[in-house]
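K.L.:
Sharing a structure below in structure tokens format, with a few things to ask.
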Amino acid sequence: MEQLRAWRGRIGAELDAAVAFWERHSHDPEHGGFFSCLSRDGSVYDDTKFVWLQGRQIWVYSRLYRSVPRFRRPELLEAARKAGEFLQRQVRPGPGSSPRRLRPEPGGAPRARPAQLLQRSVLRAGAG
């Protein structure tokens with residue numbers, strides 16, 4: 001039973017660290033949504049915003065807010081709400097299309113980019 005408690009503590013600490021990392025580094029206050037491509041130090045190495053990550057981060061933040069008392073913080077719920085609004089504004093696939101990524105235009109507004117089979121983030125993760 002002691003080992004189970006130790007693992008629960010370790011998992012809780014890892015969750016706290018992961019959420020703190022994403023809160024600190026992934027939010028895009030200028031254009032909205034979440035940055036997807038972050039280095040280990042939290043720096044953004046590609047400003048592409050993958051739609052699946054937007055949805056996943058919204059879901060995780062909302063789920064943590066509802067289910068885990070230490071994450072019932074208004075700023076977490078507000079980040080999820082703002083990212084949901086970002087998705088509603090930016091992701092409007094036309095007939096026969098399905099945008100999977102968003103990139104900022106020179107003026108700041110995101111635009112959809114066609115999906116590629118191999119993502120740079122996967123290649124970089126494998127190389128590092």
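Chain labels A, B, ... are given in the sequence in which chains occur in the structure tokens; within each chain residues are numbered consecutively from 1, and ligands are likewise numbered from 1 in the order shown.
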Find the residues around Leu64 of chain A up to 10 Å (only C-alpha atoms counted), leave out those fewer than 5 positions away in its own chain, and share them as a PyMOL selection string.

P.N.:
chain A and resi 19+59+69-73+76-77

K.L.:
Now that the selection is made, can you save its residues with C-alpha atoms as a JSON list (two decimals), in the first residue's frame?

P.N.:
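Just written: result-v3.json:
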```json
[["chain", "number", "residue", "atom", "x", "y", "z"],
["A", 19, "VAL", "CA", 0.19, 21.53, -16.45],
["A", 59, "TRP", "CA", -10.51, 19.09, -22.89],
["A", 69, "PRO", "CA", -9.79, 20.23, -6.69],
["A", 70, "ARG", "CA", -6.28, 21.74, -6.90],
["A", 71, "PHE", "CA", -6.94, 22.64, -10.55],
["A", 72, "ARG", "CA", -10.20, 24.49, -9.87],
["A", 73, "ARG", "CA", -8.59, 27.77, -10.79],
["A", 76, "LEU", "CA", -7.37, 27.39, -16.20],
["A", 77, "LEU", "CA", -11.04, 27.45, -17.15]]
```

K.L.:
Can you tell me which residues surround Ala80 of chain A at a distance of at most 9 Å, considering only C-alpha atoms, apart from same-chain residues fewer than 3 positions away, and format the answer as a PyMOL selection string?

P.N.:
chain A and resi 33+57-62+75-77+83-85

K.L.:
Which one is closest to Ser43 of chain A: A:Phe21, A:Phe86, A:Trp7, A:Tyr65? Count only C-alpha atoms.

P.N.:
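Closest to Ser43 of chain A, using only C-alpha atoms: A:Phe21.
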
K.L.:
How many Å separate atom CA of Asp46 of chain A from atom CA of Ser26 of chain A?

P.N.:
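Distance reported for this atom pair: 11.6 Å.
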
K.L.:
Given only C-alpha atoms as the basis, pick out the residue of A:Lys82, A:Arg8, A:Val44, A:Arg66 nearest to Arg24 of chain A.

P.N.:
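Using only C-alpha atoms, Arg24 of chain A sits closest to A:Val44.
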
K.L.:
One decimal, in Å: what's the spacing between atom CA of Leu87 of chain A and atom CA of Gly32 of chain A?

P.N.:
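Rounded to one decimal, the two atoms are 8.9 Å apart.
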
K.L.:
Find, counting only C-alpha atoms, the residue in A:Leu15, A:Glu78, A:Arg89, A:Arg56 that gets nearest to His31 of chain A.

P.N.:
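Smallest separation from His31 of chain A among the options: A:Arg89.
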
K.L.:
Excluding Trp22 of chain A and its own-chain neighbours fewer than 5 positions away, which residues fall within 10 Å of it when counting only C-alpha atoms? Please give them as a PDB file with all heavy atoms, in the first residue's frame.

P.N.:
```pdb
ATOM      1  N   ALA A  17       3.622  19.369 -12.798  1.00  0.00           N
ATOM      2  CA  ALA A  17       4.713  19.923 -13.604  1.00  0.00           C
ATOM      3  C   ALA A  17       4.284  20.088 -15.065  1.00  0.00           C
ATOM      4  O   ALA A  17       4.597  21.100 -15.701  1.00  0.00           O
ATOM      5  CB  ALA A  17       5.956  19.027 -13.507  1.00  0.00           C
ATOM      6  N   HIS A  27       0.324  29.001 -24.118  1.00  0.00           N
ATOM      7  CA  HIS A  27      -0.732  29.970 -24.404  1.00  0.00           C
ATOM      8  C   HIS A  27      -0.210  31.064 -25.334  1.00  0.00           C
ATOM      9  O   HIS A  27       0.878  31.593 -25.132  1.00  0.00           O
ATOM     10  CB  HIS A  27      -1.234  30.612 -23.113  1.00  0.00           C
ATOM     11  CG  HIS A  27      -1.829  29.627 -22.163  1.00  0.00           C
ATOM     12  ND1 HIS A  27      -2.567  30.010 -21.071  1.00  0.00           N
ATOM     13  CD2 HIS A  27      -1.804  28.277 -22.119  1.00  0.00           C
ATOM     14  CE1 HIS A  27      -2.964  28.953 -20.407  1.00  0.00           C
ATOM     15  NE2 HIS A  27      -2.507  27.889 -21.016  1.00  0.00           N
ATOM     16  N   PHE A  34      -3.348  27.694 -28.481  1.00  0.00           N
ATOM     17  CA  PHE A  34      -2.159  27.156 -27.831  1.00  0.00           C
ATOM     18  C   PHE A  34      -1.095  26.831 -28.868  1.00  0.00           C
ATOM     19  O   PHE A  34      -1.398  26.264 -29.913  1.00  0.00           O
ATOM     20  CB  PHE A  34      -2.495  25.873 -27.069  1.00  0.00           C
ATOM     21  CG  PHE A  34      -3.589  26.027 -26.049  1.00  0.00           C
ATOM     22  CD1 PHE A  34      -4.787  25.369 -26.206  1.00  0.00           C
ATOM     23  CD2 PHE A  34      -3.410  26.826 -24.935  1.00  0.00           C
ATOM     24  CE1 PHE A  34      -5.798  25.497 -25.260  1.00  0.00           C
ATOM     25  CE2 PHE A  34      -4.411  26.965 -23.992  1.00  0.00           C
ATOM     26  CZ  PHE A  34      -5.610  26.294 -24.153  1.00  0.00           C
ATOM     27  N   PHE A  35       0.150  27.159 -28.560  1.00  0.00           N
ATOM     28  CA  PHE A  35       1.255  26.719 -29.402  1.00  0.00           C
ATOM     29  C   PHE A  35       1.415  25.214 -29.235  1.00  0.00           C
ATOM     30  O   PHE A  35       1.320  24.685 -28.140  1.00  0.00           O
ATOM     31  CB  PHE A  35       2.559  27.417 -29.006  1.00  0.00           C
ATOM     32  CG  PHE A  35       2.580  28.878 -29.339  1.00  0.00           C
ATOM     33  CD1 PHE A  35       2.621  29.820 -28.327  1.00  0.00           C
ATOM     34  CD2 PHE A  35       2.563  29.319 -30.658  1.00  0.00           C
ATOM     35  CE1 PHE A  35       2.639  31.170 -28.623  1.00  0.00           C
ATOM     36  CE2 PHE A  35       2.587  30.669 -30.960  1.00  0.00           C
ATOM     37  CZ  PHE A  35       2.624  31.597 -29.939  1.00  0.00           C
ATOM     38  N   SER A  36       1.698  24.547 -30.326  1.00  0.00           N
ATOM     39  CA  SER A  36       1.834  23.090 -30.315  1.00  0.00           C
ATOM     40  C   SER A  36       3.285  22.629 -30.261  1.00  0.00           C
ATOM     41  O   SER A  36       3.571  21.565 -29.734  1.00  0.00           O
ATOM     42  CB  SER A  36       1.194  22.495 -31.585  1.00  0.00           C
ATOM     43  OG  SER A  36      -0.159  22.846 -31.684  1.00  0.00           O
ATOM     44  N   LEU A  38       6.709  23.066 -28.929  1.00  0.00           N
ATOM     45  CA  LEU A  38       7.539  23.652 -27.882  1.00  0.00           C
ATOM     46  C   LEU A  38       8.771  22.783 -27.631  1.00  0.00           C
ATOM     47  O   LEU A  38       8.680  21.559 -27.612  1.00  0.00           O
ATOM     48  CB  LEU A  38       6.748  23.760 -26.569  1.00  0.00           C
ATOM     49  CG  LEU A  38       5.452  24.556 -26.606  1.00  0.00           C
ATOM     50  CD1 LEU A  38       4.721  24.446 -25.275  1.00  0.00           C
ATOM     51  CD2 LEU A  38       5.717  26.011 -26.946  1.00  0.00           C
ATOM     52  N   GLY A  42      10.567  25.153 -23.293  1.00  0.00           N
ATOM     53  CA  GLY A  42       9.339  25.908 -23.438  1.00  0.00           C
ATOM     54  C   GLY A  42       9.334  26.909 -24.576  1.00  0.00           C
ATOM     55  O   GLY A  42       8.318  27.541 -24.844  1.00  0.00           O
ATOM     56  N   GLN A  57      -6.062  20.143 -25.431  1.00  0.00           N
ATOM     57  CA  GLN A  57      -5.701  20.995 -24.293  1.00  0.00           C
ATOM     58  C   GLN A  57      -6.955  21.628 -23.673  1.00  0.00           C
ATOM     59  O   GLN A  57      -7.042  21.752 -22.456  1.00  0.00           O
ATOM     60  CB  GLN A  57      -4.691  22.061 -24.710  1.00  0.00           C
ATOM     61  CG  GLN A  57      -3.983  22.681 -23.529  1.00  0.00           C
ATOM     62  CD  GLN A  57      -2.681  23.360 -23.913  1.00  0.00           C
ATOM     63  OE1 GLN A  57      -2.116  23.127 -24.977  1.00  0.00           O
ATOM     64  NE2 GLN A  57      -2.197  24.206 -23.040  1.00  0.00           N
TER      65      GLN A  57
END
```

K.L.:
Hey, can you check how far atom CA of Gln3 of chain A sits from atom CA of Ala20 of chain A?

P.N.:
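Here the two named atoms are 25.7 Å from each other.
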
K.L.:
Calculated over only C-alpha atoms, which of the candidates A:Val91, A:Ile11, A:Val68, A:Met1 has the smallest distance to Phe50 of chain A?

P.N.:
A:Val91
